[in-house]
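Printed here is data34.txt (compact mmCIF, C-alpha atoms):
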```txt
# COMPACT_ATOMS: atom_id res chain seq x y z
CA MET A 1 -31.40 3.56 5.26
CA GLU A 2 -30.32 7.09 5.94
CA ARG A 3 -28.52 6.02 9.10
CA GLU A 4 -26.82 3.24 7.19
CA GLY A 5 -25.69 5.75 4.61
CA VAL A 6 -24.36 8.04 7.30
CA ARG A 7 -22.41 5.26 8.94
CA MET A 8 -20.97 4.19 5.61
CA ALA A 9 -19.95 7.72 4.72
CA ASP A 10 -18.20 8.08 8.02
CA GLU A 11 -16.03 5.06 7.53
CA ALA A 12 -15.41 5.77 3.88
CA LEU A 13 -14.47 9.37 4.62
CA PHE A 14 -11.49 8.31 6.67
CA GLU A 15 -10.48 5.62 4.18
CA PHE A 16 -10.59 7.94 1.19
CA LEU A 17 -8.83 10.76 2.98
CA HIS A 18 -6.16 8.34 4.16
CA MET A 19 -5.60 7.19 0.57
CA GLU A 20 -5.36 10.78 -0.63
CA VAL A 21 -2.83 11.64 2.03
CA ILE A 22 -0.64 8.71 1.08
CA SER A 23 -0.78 9.53 -2.58
CA TYR A 24 -0.14 13.23 -1.92
CA ILE A 25 2.85 12.63 0.30
CA PHE A 26 4.43 10.14 -2.04
CA LYS A 27 3.87 12.44 -5.00
CA SER A 28 5.03 15.62 -3.32
CA LEU A 29 8.28 14.11 -2.15
CA GLU A 30 8.98 12.29 -5.39
CA LYS A 31 10.48 15.39 -6.96
CA ASP A 32 13.47 15.58 -4.64
CA ASP A 33 14.07 11.94 -5.36
CA SER A 34 13.87 11.13 -1.70
CA ASP A 35 13.44 7.55 -0.70
CA ASN A 36 10.26 5.97 0.55
CA GLY A 37 11.61 6.18 4.08
CA LYS A 38 11.01 9.90 4.19
CA CYS A 39 7.41 9.47 3.05
CA THR A 40 6.59 6.77 5.54
CA ALA A 41 8.20 8.90 8.26
CA LYS A 42 5.89 11.77 7.32
CA LEU A 43 2.86 9.50 7.44
CA GLU A 44 3.99 8.06 10.75
CA GLY A 45 4.36 11.56 12.15
CA MET A 46 0.86 12.52 11.07
CA GLY A 47 -0.49 9.35 12.63
CA PHE A 48 1.38 10.12 15.83
CA ARG A 49 -0.27 13.50 16.25
CA VAL A 50 -3.70 12.19 15.31
CA GLY A 51 -3.26 9.32 17.78
CA GLN A 52 -2.33 11.74 20.54
CA GLY A 53 -5.40 13.85 19.90
CA LEU A 54 -7.74 10.90 19.58
CA VAL A 55 -6.69 9.13 22.73
CA GLU A 56 -7.20 12.29 24.71
CA ARG A 57 -10.83 12.54 23.73
CA PHE A 58 -11.21 8.86 23.91
CA THR A 59 -10.07 8.27 27.48
CA ARG A 60 -11.89 11.24 28.92
CA ASP A 61 -14.39 9.09 30.81
CA ILE A 62 -12.26 6.03 31.30
CA PRO A 63 -10.77 5.26 34.72
CA ARG A 64 -6.99 5.16 35.05
CA PHE A 65 -5.24 2.14 33.65
CA LYS A 66 -3.81 -0.43 36.03
CA ASP A 67 -0.67 -1.22 34.10
CA GLU A 68 0.94 -1.52 30.69
CA LEU A 69 -1.05 -4.60 29.72
CA ASP A 70 -4.23 -2.79 30.65
CA ILE A 71 -3.24 0.05 28.33
CA MET A 72 -2.49 -2.38 25.51
CA LYS A 73 -5.88 -4.03 25.96
CA PHE A 74 -7.53 -0.63 25.67
CA VAL A 75 -5.62 0.02 22.44
CA CYS A 76 -6.66 -3.36 21.02
CA LYS A 77 -10.31 -3.00 21.97
CA ASP A 78 -11.78 0.47 22.32
CA PHE A 79 -9.16 2.42 20.41
CA TRP A 80 -9.01 -0.02 17.51
CA ALA A 81 -12.77 -0.41 17.34
CA GLY A 82 -13.25 3.35 17.34
CA ILE A 83 -10.98 3.78 14.37
CA PHE A 84 -11.13 0.54 12.42
CA LYS A 85 -14.64 -0.71 13.31
CA LYS A 86 -13.34 -3.96 14.72
CA GLN A 87 -11.09 -5.05 17.54
CA VAL A 88 -7.61 -6.46 17.10
CA ASP A 89 -7.98 -10.20 16.57
CA ASN A 90 -5.07 -11.30 18.65
CA LEU A 91 -2.75 -9.73 21.20
CA ARG A 92 0.39 -11.50 22.28
CA THR A 93 3.20 -10.42 24.57
CA ASN A 94 6.52 -11.79 25.72
CA HIS A 95 5.89 -10.06 29.06
CA GLN A 96 9.10 -8.15 28.53
CA GLY A 97 7.70 -5.13 26.82
CA VAL A 98 7.04 -6.53 23.37
CA TYR A 99 3.45 -6.80 22.13
CA VAL A 100 2.18 -8.14 18.83
CA LEU A 101 -1.24 -7.02 17.65
CA GLN A 102 -2.70 -9.06 14.86
CA ASP A 103 -5.55 -7.83 12.70
CA ASN A 104 -6.77 -10.48 10.27
CA ARG A 105 -8.70 -8.05 8.15
CA PHE A 106 -7.10 -4.67 8.54
CA ARG A 107 -9.41 -1.96 7.30
CA LEU A 108 -6.77 0.12 5.56
CA LEU A 109 -5.53 -2.87 3.58
CA THR A 110 -8.87 -4.11 2.33
CA GLN A 111 -8.73 -1.62 -0.53
CA ILE A 112 -5.53 -3.11 -1.88
CA SER A 113 -6.11 -6.12 -4.03
CA ALA A 114 -4.45 -9.30 -2.93
CA GLY A 115 -1.58 -10.42 -5.06
CA LYS A 116 2.15 -10.41 -4.74
CA GLN A 117 2.61 -7.38 -6.96
CA TYR A 118 0.80 -5.23 -4.42
CA MET A 119 2.68 -6.46 -1.39
CA GLU A 120 5.46 -3.95 -1.89
CA HIS A 121 2.98 -1.11 -1.48
CA ALA A 122 1.60 -2.42 1.80
CA PRO A 123 4.03 -0.52 4.08
CA LYS A 124 2.61 2.78 2.83
CA PHE A 125 -0.75 1.76 4.18
CA LEU A 126 0.54 0.85 7.60
CA ALA A 127 2.78 3.81 8.43
CA PHE A 128 -0.04 6.12 9.51
CA THR A 129 -1.42 3.46 11.82
CA CYS A 130 1.98 2.75 13.38
CA GLY A 131 2.04 6.43 14.23
CA LEU A 132 -1.52 6.33 15.56
CA VAL A 133 -0.59 3.59 18.01
CA ARG A 134 2.66 5.24 19.04
CA GLY A 135 0.87 8.58 19.55
CA ALA A 136 -1.88 7.00 21.60
CA LEU A 137 0.61 5.17 23.81
CA SER A 138 2.74 8.27 24.18
CA ASN A 139 -0.19 10.22 25.52
CA LEU A 140 -0.86 7.43 27.98
CA GLY A 141 2.68 7.81 29.28
CA VAL A 142 4.29 4.94 27.40
CA ASN A 143 7.13 5.48 24.94
CA SER A 144 7.33 2.85 22.25
CA ILE A 145 8.54 1.89 18.81
CA VAL A 146 5.82 0.55 16.54
CA THR A 147 6.46 -1.38 13.35
CA ALA A 148 4.19 -3.37 11.08
CA GLU A 149 4.34 -6.25 8.68
CA VAL A 150 1.97 -7.86 6.22
CA SER A 151 2.00 -11.56 5.62
CA LEU A 152 -1.15 -12.26 3.64
CA LEU A 153 -3.37 -9.34 2.65
CA PRO A 154 -5.46 -7.96 4.27
CA ALA A 155 -4.01 -9.44 7.46
CA CYS A 156 -1.20 -7.69 9.27
CA LYS A 157 0.73 -7.50 12.50
CA PHE A 158 1.84 -4.49 14.48
CA GLN A 159 4.75 -4.93 16.83
CA VAL A 160 4.99 -2.57 19.79
CA MET A 161 8.26 -2.39 21.68
CA MET A 162 8.11 -0.47 24.91
CA GLN A 163 10.99 1.89 25.51
CA ARG A 164 11.86 2.06 29.17
CA ALA A 165 13.48 5.27 30.30
CA MET Q 1 -20.25 4.46 27.08
CA GLU Q 2 -18.19 2.38 24.75
CA ARG Q 3 -20.46 3.22 21.86
CA GLU Q 4 -20.28 6.89 22.74
CA GLY Q 5 -16.52 6.68 22.72
CA VAL Q 6 -16.55 4.99 19.36
CA ARG Q 7 -18.79 7.63 17.86
CA MET Q 8 -16.61 10.37 19.23
CA ALA Q 9 -13.44 8.78 17.90
CA ASP Q 10 -14.98 8.51 14.49
CA GLU Q 11 -15.77 12.16 14.22
CA ALA Q 12 -12.54 13.23 15.81
CA LEU Q 13 -10.51 11.00 13.50
CA PHE Q 14 -11.62 12.94 10.45
CA GLU Q 15 -11.19 16.29 12.16
CA PHE Q 16 -7.67 15.54 13.35
CA LEU Q 17 -6.59 14.03 10.06
CA HIS Q 18 -8.03 17.01 8.22
CA MET Q 19 -6.00 19.36 10.44
CA GLU Q 20 -2.86 17.34 9.83
CA VAL Q 21 -3.36 17.42 6.10
CA ILE Q 22 -3.77 21.19 6.10
CA SER Q 23 -0.70 21.70 8.22
CA TYR Q 24 1.34 19.25 6.14
CA ILE Q 25 0.39 20.81 2.84
CA PHE Q 26 1.06 24.32 4.00
CA LYS Q 27 4.38 23.31 5.51
CA SER Q 28 5.56 21.21 2.59
CA LEU Q 29 4.90 23.93 0.05
CA GLU Q 30 6.32 26.72 2.15
CA LYS Q 31 9.85 25.94 1.02
CA ASP Q 32 9.31 26.92 -2.58
CA ASP Q 33 7.76 30.12 -1.33
CA SER Q 34 4.61 29.36 -3.22
CA ASP Q 35 1.53 31.30 -2.40
CA ASN Q 36 -1.39 30.05 -0.40
CA GLY Q 37 -3.33 29.57 -3.60
CA LYS Q 38 -1.30 26.51 -4.48
CA CYS Q 39 -1.98 24.95 -1.08
CA THR Q 40 -5.68 25.57 -1.18
CA ALA Q 41 -5.75 24.15 -4.71
CA LYS Q 42 -4.07 20.98 -3.42
CA LEU Q 43 -6.60 20.68 -0.61
CA GLU Q 44 -9.44 21.31 -3.00
CA GLY Q 45 -8.15 18.58 -5.28
CA MET Q 46 -7.97 16.09 -2.44
CA GLY Q 47 -11.49 17.01 -1.43
CA PHE Q 48 -12.65 16.56 -5.01
CA ARG Q 49 -11.40 12.98 -5.19
CA VAL Q 50 -12.71 12.11 -1.74
CA GLY Q 51 -16.08 13.62 -2.66
CA GLN Q 52 -16.21 11.55 -5.83
CA GLY Q 53 -15.50 8.37 -3.93
CA LEU Q 54 -17.90 9.12 -1.12
CA VAL Q 55 -20.85 10.00 -3.27
CA GLU Q 56 -20.47 6.77 -5.17
CA ARG Q 57 -20.86 4.68 -2.03
CA PHE Q 58 -23.41 7.03 -0.69
CA THR Q 59 -25.89 6.96 -3.53
CA ARG Q 60 -25.69 3.23 -4.11
CA ASP Q 61 -29.21 2.61 -2.79
CA ILE Q 62 -30.72 5.95 -3.63
CA PRO Q 63 -33.12 6.27 -6.58
CA ARG Q 64 -32.13 8.58 -9.44
CA PHE Q 65 -32.43 12.30 -8.83
CA LYS Q 66 -35.22 14.22 -10.52
CA ASP Q 67 -33.27 17.38 -11.27
CA GLU Q 68 -30.50 19.70 -10.20
CA LEU Q 69 -32.40 20.99 -7.17
CA ASP Q 70 -33.03 17.42 -6.08
CA ILE Q 71 -29.28 16.77 -6.25
CA MET Q 72 -28.53 19.90 -4.23
CA LYS Q 73 -31.02 18.83 -1.58
CA PHE Q 74 -29.27 15.48 -1.34
CA VAL Q 75 -25.93 17.27 -0.87
CA CYS Q 76 -27.38 19.50 1.85
CA LYS Q 77 -29.06 16.69 3.71
CA ASP Q 78 -27.65 13.18 3.43
CA PHE Q 79 -24.20 14.03 2.12
CA TRP Q 80 -23.63 16.84 4.60
CA ALA Q 81 -25.02 14.84 7.52
CA GLY Q 82 -22.84 11.86 6.65
CA ILE Q 83 -19.71 13.94 6.75
CA PHE Q 84 -20.41 16.79 9.12
CA LYS Q 85 -23.00 15.25 11.46
CA LYS Q 86 -25.56 17.89 10.71
CA GLN Q 87 -27.47 19.12 7.70
CA VAL Q 88 -26.86 22.42 5.96
CA ASP Q 89 -28.94 25.03 7.78
CA ASN Q 90 -30.09 26.94 4.77
CA LEU Q 91 -30.16 26.40 1.03
CA ARG Q 92 -30.94 29.25 -1.31
CA THR Q 93 -30.92 29.47 -5.09
CA ASN Q 94 -31.49 32.12 -7.73
CA HIS Q 95 -32.99 29.39 -9.92
CA GLN Q 96 -30.33 30.19 -12.50
CA GLY Q 97 -27.74 27.73 -11.41
CA VAL Q 98 -26.36 29.44 -8.32
CA TYR Q 99 -26.89 27.83 -4.92
CA VAL Q 100 -25.81 29.10 -1.52
CA LEU Q 101 -25.43 26.57 1.28
CA GLN Q 102 -25.22 28.06 4.73
CA ASP Q 103 -23.91 26.13 7.71
CA ASN Q 104 -24.23 28.07 10.95
CA ARG Q 105 -21.87 25.84 12.85
CA PHE Q 106 -19.52 24.29 10.37
CA ARG Q 107 -17.74 21.35 11.91
CA LEU Q 108 -14.32 22.06 10.46
CA LEU Q 109 -14.36 25.59 11.78
CA THR Q 110 -15.37 24.85 15.33
CA GLN Q 111 -11.78 24.08 16.21
CA ILE Q 112 -10.67 27.58 15.26
CA SER Q 113 -11.21 30.06 18.02
CA ALA Q 114 -13.40 32.99 17.20
CA GLY Q 115 -11.62 36.27 16.84
CA LYS Q 116 -10.57 38.50 14.00
CA GLN Q 117 -6.98 37.33 14.06
CA TYR Q 118 -8.05 33.83 13.06
CA MET Q 119 -10.31 34.89 10.24
CA GLU Q 120 -7.44 34.97 7.78
CA HIS Q 121 -6.83 31.27 8.35
CA ALA Q 122 -10.42 30.27 7.70
CA PRO Q 123 -10.04 29.66 3.94
CA LYS Q 124 -7.57 26.83 4.66
CA PHE Q 125 -10.31 25.04 6.51
CA LEU Q 126 -12.86 25.36 3.75
CA ALA Q 127 -10.85 24.35 0.67
CA PHE Q 128 -11.13 20.61 1.25
CA THR Q 129 -14.89 20.91 1.65
CA CYS Q 130 -15.28 22.99 -1.51
CA GLY Q 131 -13.58 20.12 -3.27
CA LEU Q 132 -15.79 17.55 -1.54
CA VAL Q 133 -18.91 19.26 -2.85
CA ARG Q 134 -17.50 19.76 -6.34
CA GLY Q 135 -16.41 16.11 -6.47
CA ALA Q 136 -19.77 14.85 -5.28
CA LEU Q 137 -21.62 16.97 -7.84
CA SER Q 138 -19.24 15.96 -10.59
CA ASN Q 139 -19.98 12.31 -9.97
CA LEU Q 140 -23.66 13.09 -10.14
CA GLY Q 141 -23.15 14.57 -13.57
CA VAL Q 142 -23.04 18.23 -12.61
CA ASN Q 143 -20.01 20.41 -13.28
CA SER Q 144 -19.67 23.31 -10.88
CA ILE Q 145 -17.43 25.87 -9.28
CA VAL Q 146 -17.57 25.89 -5.49
CA THR Q 147 -16.29 28.72 -3.33
CA ALA Q 148 -16.69 29.49 0.35
CA GLU Q 149 -16.71 32.44 2.67
CA VAL Q 150 -16.78 32.94 6.41
CA SER Q 151 -18.64 35.80 7.98
CA LEU Q 152 -18.74 34.99 11.67
CA LEU Q 153 -17.00 31.87 12.92
CA PRO Q 154 -17.99 29.05 12.96
CA ALA Q 155 -20.68 29.94 10.40
CA CYS Q 156 -19.92 29.84 6.71
CA LYS Q 157 -21.42 29.83 3.26
CA PHE Q 158 -20.59 27.72 0.25
CA GLN Q 159 -21.54 29.05 -3.13
CA VAL Q 160 -22.09 26.54 -5.91
CA MET Q 161 -22.21 27.81 -9.47
CA MET Q 162 -23.35 25.28 -12.01
CA GLN Q 163 -21.34 25.17 -15.21
CA ARG Q 164 -23.54 24.39 -18.16
CA ALA Q 165 -21.81 22.74 -21.03
```
Give the structure from the file, written as structure tokens.
Amino acid sequence: MEREGVRMADEALFEFLHMEVISYIFKSLEKDDSDNGKCTAKLEGMGFRVGQGLVERFTRDIPRFKDELDIMKFVCKDFWAGIFKKQVDNLRTNHQGVYVLQDNRFRLLTQISAGKQYMEHAPKFLAFTCGLVRGALSNLGVNSIVTAEVSLLPACKFQVMMQRA
Amino acid sequence: MEREGVRMADEALFEFLHMEVISYIFKSLEKDDSDNGKCTAKLEGMGFRVGQGLVERFTRDIPRFKDELDIMKFVCKDFWAGIFKKQVDNLRTNHQGVYVLQDNRFRLLTQISAGKQYMEHAPKFLAFTCGLVRGALSNLGVNSIVTAEVSLLPACKFQVMMQRA
């Protein structure tokens, strides 16, 4: 039971801290009447740096990746599982540098109740993760733009567009 | 190896996010030339709320605590291990409501290099945890004041003073 408790605390720790960060950033920027865009940009930036750091530790013992698709598979499996306790449910690509990662039960959205009135808050909860993915990819040598959308809580999609030099 | 990676990511996730939060809070408040006290208070407040949330999940299956000492032992063992991957190394009390928790290798200080020049930054890295402990205790019905001090990195002591009503 102790081990179960420890595991639970570990997951919850990140979730609670993530919530606090969102609420802090949105509160602290409220004063200067700045728009939500500034807040989500801050969250994205934090995610970016955390993603960079994480992927470095994470790929320490992993052999080099074959190609871009190989990198994306790593992000969907090991990287996602390490952070969100489950793999991405579906990965699609147009084979032209656009990838769509679908998570049918995204961990950082499960705390928001379903219901239309909460949908508008969903982007707050995805910005950090967009940054995480972009940071991870950046450290693996791939520049990208990452956006997210929610259709039906707690499912969501992340779209990764590779930026060729 | 995959499991090892996952475990590592989990721990690192909290560490990196914690670092980002510190740096964000100190940067965002710099503008109004506010003192460090305001920043550490913010961090402490975040820790407090995270501690409250964590302890709720954490004690779900645990029988009621006998007394104050029993609560402190829980904080030093299960709570600490859940968050910091190790138990507190030493717990002392004057039996008059003051407890000193010593951690000889505190996880959130291991990233700071040893050396006198870094000592001044140490309080930043302890404020969140002071809040965590205060929040956990508060949810267990105990009001307290929690402070911390570093003697030799990465060792540190947290002092908990119970506040009787």
Using only C-alpha atoms, what table do you get, as a Markdown table, when you list each residue of range 42-96 of chain A with an atom no more than 12 Å from range 152-164 of chain A, its nearest pair of atoms, and their distance in Å rounded to one decimal, rows by chain then rising number?
```
| residue | atom | partner | partner_atom | distance |
| --- | --- | --- | --- | --- |
| A:Glu68 | CA | A:Met162 | CA | 9.3 |
| A:Leu69 | CA | A:Met162 | CA | 11.1 |
| A:Ile71 | CA | A:Met162 | CA | 11.9 |
| A:Met72 | CA | A:Val160 | CA | 9.4 |
| A:Val75 | CA | A:Val160 | CA | 11.2 |
| A:Cys76 | CA | A:Phe158 | CA | 10.8 |
| A:Val88 | CA | A:Lys157 | CA | 9.6 |
| A:Asp89 | CA | A:Ala155 | CA | 10.0 |
| A:Asn90 | CA | A:Lys157 | CA | 9.3 |
| A:Leu91 | CA | A:Lys157 | CA | 9.6 |
| A:Arg92 | CA | A:Gln159 | CA | 9.6 |
| A:Thr93 | CA | A:Val160 | CA | 9.4 |
| A:Asn94 | CA | A:Met161 | CA | 10.4 |
| A:His95 | CA | A:Met162 | CA | 10.7 |
| A:Gln96 | CA | A:Met162 | CA | 8.5 |
```
With all atoms listed in the file as the atoms that count, which of Q:Val50, Q:Ala41, Q:Ile145, Q:Asn36 lies nearest to Val21 in chain A?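 Closest candidate: Q:Val50.
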Same-sequence overlay, chain Q on chain A, C-alpha least squares, as a CSV table (one decimal) with C-alpha atoms, keeping the file's coordinate frame:
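And here's part_30.csv as it stands now:
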```
chain,number,residue,atom,x,y,z
Q,1,MET,CA,-31.4,3.6,5.2
Q,2,GLU,CA,-30.4,7.1,5.9
Q,3,ARG,CA,-28.6,6.1,9.0
Q,4,GLU,CA,-26.9,3.3,7.1
Q,5,GLY,CA,-25.7,5.7,4.5
Q,6,VAL,CA,-24.4,8.0,7.2
Q,7,ARG,CA,-22.4,5.2,8.9
Q,8,MET,CA,-21.0,4.2,5.6
Q,9,ALA,CA,-20.0,7.7,4.7
Q,10,ASP,CA,-18.2,8.1,8.0
Q,11,GLU,CA,-16.0,5.1,7.5
Q,12,ALA,CA,-15.4,5.8,3.9
Q,13,LEU,CA,-14.5,9.4,4.6
Q,14,PHE,CA,-11.5,8.3,6.7
Q,15,GLU,CA,-10.5,5.6,4.2
Q,16,PHE,CA,-10.6,8.0,1.2
Q,17,LEU,CA,-8.8,10.8,3.0
Q,18,HIS,CA,-6.2,8.4,4.2
Q,19,MET,CA,-5.6,7.2,0.6
Q,20,GLU,CA,-5.4,10.8,-0.6
Q,21,VAL,CA,-2.8,11.6,2.1
Q,22,ILE,CA,-0.6,8.7,1.1
Q,23,SER,CA,-0.8,9.6,-2.6
Q,24,TYR,CA,-0.1,13.2,-1.9
Q,25,ILE,CA,2.8,12.6,0.3
Q,26,PHE,CA,4.4,10.1,-2.0
Q,27,LYS,CA,3.8,12.4,-5.0
Q,28,SER,CA,5.0,15.6,-3.3
Q,29,LEU,CA,8.3,14.1,-2.2
Q,30,GLU,CA,9.0,12.3,-5.4
Q,31,LYS,CA,10.5,15.4,-6.9
Q,32,ASP,CA,13.5,15.6,-4.6
Q,33,ASP,CA,14.0,11.9,-5.4
Q,34,SER,CA,13.9,11.1,-1.7
Q,35,ASP,CA,13.4,7.5,-0.7
Q,36,ASN,CA,10.3,6.0,0.5
Q,37,GLY,CA,11.6,6.2,4.1
Q,38,LYS,CA,11.0,9.9,4.2
Q,39,CYS,CA,7.4,9.5,3.1
Q,40,THR,CA,6.6,6.8,5.5
Q,41,ALA,CA,8.2,8.9,8.3
Q,42,LYS,CA,5.9,11.8,7.3
Q,43,LEU,CA,2.9,9.5,7.5
Q,44,GLU,CA,4.0,8.1,10.8
Q,45,GLY,CA,4.3,11.5,12.2
Q,46,MET,CA,0.9,12.5,11.1
Q,47,GLY,CA,-0.5,9.3,12.6
Q,48,PHE,CA,1.4,10.1,15.8
Q,49,ARG,CA,-0.3,13.5,16.3
Q,50,VAL,CA,-3.7,12.2,15.3
Q,51,GLY,CA,-3.3,9.3,17.8
Q,52,GLN,CA,-2.3,11.7,20.5
Q,53,GLY,CA,-5.4,13.8,19.9
Q,54,LEU,CA,-7.7,10.9,19.6
Q,55,VAL,CA,-6.7,9.1,22.7
Q,56,GLU,CA,-7.2,12.3,24.7
Q,57,ARG,CA,-10.8,12.5,23.7
Q,58,PHE,CA,-11.2,8.8,23.9
Q,59,THR,CA,-10.1,8.3,27.5
Q,60,ARG,CA,-11.9,11.2,28.9
Q,61,ASP,CA,-14.4,9.1,30.8
Q,62,ILE,CA,-12.3,6.0,31.3
Q,63,PRO,CA,-10.8,5.3,34.7
Q,64,ARG,CA,-7.0,5.2,35.0
Q,65,PHE,CA,-5.2,2.1,33.6
Q,66,LYS,CA,-3.8,-0.4,36.0
Q,67,ASP,CA,-0.6,-1.2,34.1
Q,68,GLU,CA,1.0,-1.5,30.7
Q,69,LEU,CA,-1.0,-4.6,29.7
Q,70,ASP,CA,-4.2,-2.8,30.7
Q,71,ILE,CA,-3.2,0.0,28.3
Q,72,MET,CA,-2.5,-2.4,25.5
Q,73,LYS,CA,-5.9,-4.0,26.0
Q,74,PHE,CA,-7.5,-0.6,25.7
Q,75,VAL,CA,-5.6,0.0,22.4
Q,76,CYS,CA,-6.7,-3.4,21.0
Q,77,LYS,CA,-10.3,-3.0,22.0
Q,78,ASP,CA,-11.8,0.5,22.3
Q,79,PHE,CA,-9.1,2.4,20.4
Q,80,TRP,CA,-9.0,0.0,17.5
Q,81,ALA,CA,-12.8,-0.4,17.3
Q,82,GLY,CA,-13.2,3.4,17.3
Q,83,ILE,CA,-11.0,3.8,14.4
Q,84,PHE,CA,-11.1,0.5,12.4
Q,85,LYS,CA,-14.6,-0.7,13.3
Q,86,LYS,CA,-13.3,-4.0,14.7
Q,87,GLN,CA,-11.1,-5.0,17.6
Q,88,VAL,CA,-7.6,-6.5,17.1
Q,89,ASP,CA,-8.0,-10.2,16.6
Q,90,ASN,CA,-5.0,-11.3,18.6
Q,91,LEU,CA,-2.8,-9.7,21.2
Q,92,ARG,CA,0.4,-11.5,22.3
Q,93,THR,CA,3.2,-10.4,24.6
Q,94,ASN,CA,6.6,-11.8,25.7
Q,95,HIS,CA,5.9,-10.1,29.1
Q,96,GLN,CA,9.1,-8.2,28.5
Q,97,GLY,CA,7.7,-5.1,26.8
Q,98,VAL,CA,7.1,-6.5,23.4
Q,99,TYR,CA,3.5,-6.8,22.1
Q,100,VAL,CA,2.2,-8.1,18.8
Q,101,LEU,CA,-1.2,-7.0,17.7
Q,102,GLN,CA,-2.7,-9.1,14.9
Q,103,ASP,CA,-5.5,-7.8,12.7
Q,104,ASN,CA,-6.8,-10.5,10.3
Q,105,ARG,CA,-8.7,-8.0,8.2
Q,106,PHE,CA,-7.1,-4.7,8.5
Q,107,ARG,CA,-9.4,-2.0,7.3
Q,108,LEU,CA,-6.8,0.1,5.6
Q,109,LEU,CA,-5.5,-2.9,3.6
Q,110,THR,CA,-8.9,-4.1,2.3
Q,111,GLN,CA,-8.7,-1.6,-0.5
Q,112,ILE,CA,-5.5,-3.1,-1.9
Q,113,SER,CA,-6.1,-6.1,-4.0
Q,114,ALA,CA,-4.5,-9.3,-2.9
Q,115,GLY,CA,-1.6,-10.4,-5.0
Q,116,LYS,CA,2.1,-10.4,-4.7
Q,117,GLN,CA,2.6,-7.4,-6.9
Q,118,TYR,CA,0.8,-5.2,-4.4
Q,119,MET,CA,2.7,-6.5,-1.4
Q,120,GLU,CA,5.4,-4.0,-1.9
Q,121,HIS,CA,3.0,-1.1,-1.5
Q,122,ALA,CA,1.6,-2.4,1.8
Q,123,PRO,CA,4.0,-0.5,4.1
Q,124,LYS,CA,2.6,2.8,2.8
Q,125,PHE,CA,-0.8,1.8,4.2
Q,126,LEU,CA,0.5,0.9,7.6
Q,127,ALA,CA,2.8,3.8,8.5
Q,128,PHE,CA,0.0,6.1,9.5
Q,129,THR,CA,-1.4,3.5,11.8
Q,130,CYS,CA,2.0,2.8,13.4
Q,131,GLY,CA,2.0,6.4,14.2
Q,132,LEU,CA,-1.5,6.3,15.6
Q,133,VAL,CA,-0.6,3.6,18.0
Q,134,ARG,CA,2.7,5.3,19.1
Q,135,GLY,CA,0.9,8.6,19.6
Q,136,ALA,CA,-1.9,7.0,21.6
Q,137,LEU,CA,0.6,5.2,23.8
Q,138,SER,CA,2.7,8.3,24.2
Q,139,ASN,CA,-0.2,10.2,25.5
Q,140,LEU,CA,-0.8,7.4,28.0
Q,141,GLY,CA,2.7,7.8,29.3
Q,142,VAL,CA,4.3,4.9,27.4
Q,143,ASN,CA,7.1,5.5,24.9
Q,144,SER,CA,7.3,2.8,22.3
Q,145,ILE,CA,8.5,1.9,18.8
Q,146,VAL,CA,5.8,0.6,16.5
Q,147,THR,CA,6.5,-1.4,13.4
Q,148,ALA,CA,4.2,-3.4,11.1
Q,149,GLU,CA,4.4,-6.2,8.7
Q,150,VAL,CA,2.0,-7.9,6.2
Q,151,SER,CA,2.0,-11.6,5.6
Q,152,LEU,CA,-1.1,-12.2,3.6
Q,153,LEU,CA,-3.4,-9.3,2.7
Q,154,PRO,CA,-5.5,-8.0,4.3
Q,155,ALA,CA,-4.0,-9.4,7.5
Q,156,CYS,CA,-1.2,-7.7,9.3
Q,157,LYS,CA,0.7,-7.5,12.5
Q,158,PHE,CA,1.9,-4.5,14.5
Q,159,GLN,CA,4.8,-4.9,16.8
Q,160,VAL,CA,5.0,-2.6,19.8
Q,161,MET,CA,8.3,-2.4,21.7
Q,162,MET,CA,8.1,-0.5,24.9
Q,163,GLN,CA,11.0,1.9,25.5
Q,164,ARG,CA,11.9,2.0,29.2
Q,165,ALA,CA,13.5,5.2,30.3
```
Counting only C-alpha atoms, the option among A:Glu56, A:Glu20, A:Asp67, A:Glu44 closest to chain Q: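 Smallest distance to chain Q is found for A:Glu20.
Of the residues listed (A:Phe74, A:Phe84, A:Phe14, A:Tyr99), A:Phe14 shows the shortest atom-to-atom separation from chain Q; distances use all atoms listed in the file.
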Show me the residues around (-8.2, 20.9, -1.5) - criterion: an atom at most 12 Å away, all atoms listed in the file counted - as a ChimeraX atom specification. /A:17,20-21,24 /Q:18,21-22,25-26,36-51,123-135,146-147
Quick one: axis-aligned box around all listed atoms of range 83-87 of chain A, 6 Å on every side, centre and edge lengths in Å to one decimal, written as JSON.
```
{"center_x": -12.8, "center_y": -0.6, "center_z": 15.0, "size_x": 15.7, "size_y": 20.8, "size_z": 17.1}
```
For the atom pair CA of Gln102 in chain A and CA of Ile83 in chain Q, what is the interatomic distance in Å to one decimal place? 29.7 Å
Work out how far CA of Arg105 in chain A is from CA of Asp70 in chain A, in Å to one decimal.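 Going from CA of Asp70 in chain A over to CA of Arg105 in chain A, I get 23.5 Å.
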What gap, in Å, lies between CA of Phe58 in chain Q and CA of Ser138 in chain Q?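 Atom-to-atom, CA of Phe58 in chain Q and CA of Ser138 in chain Q are spaced 14.0 Å apart.
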Min atom-atom distance to chain Q from the set A:Gly82, A:Asp61, A:Val100, A:Ser28, counting only C-alpha atoms, belongs to A:Gly82
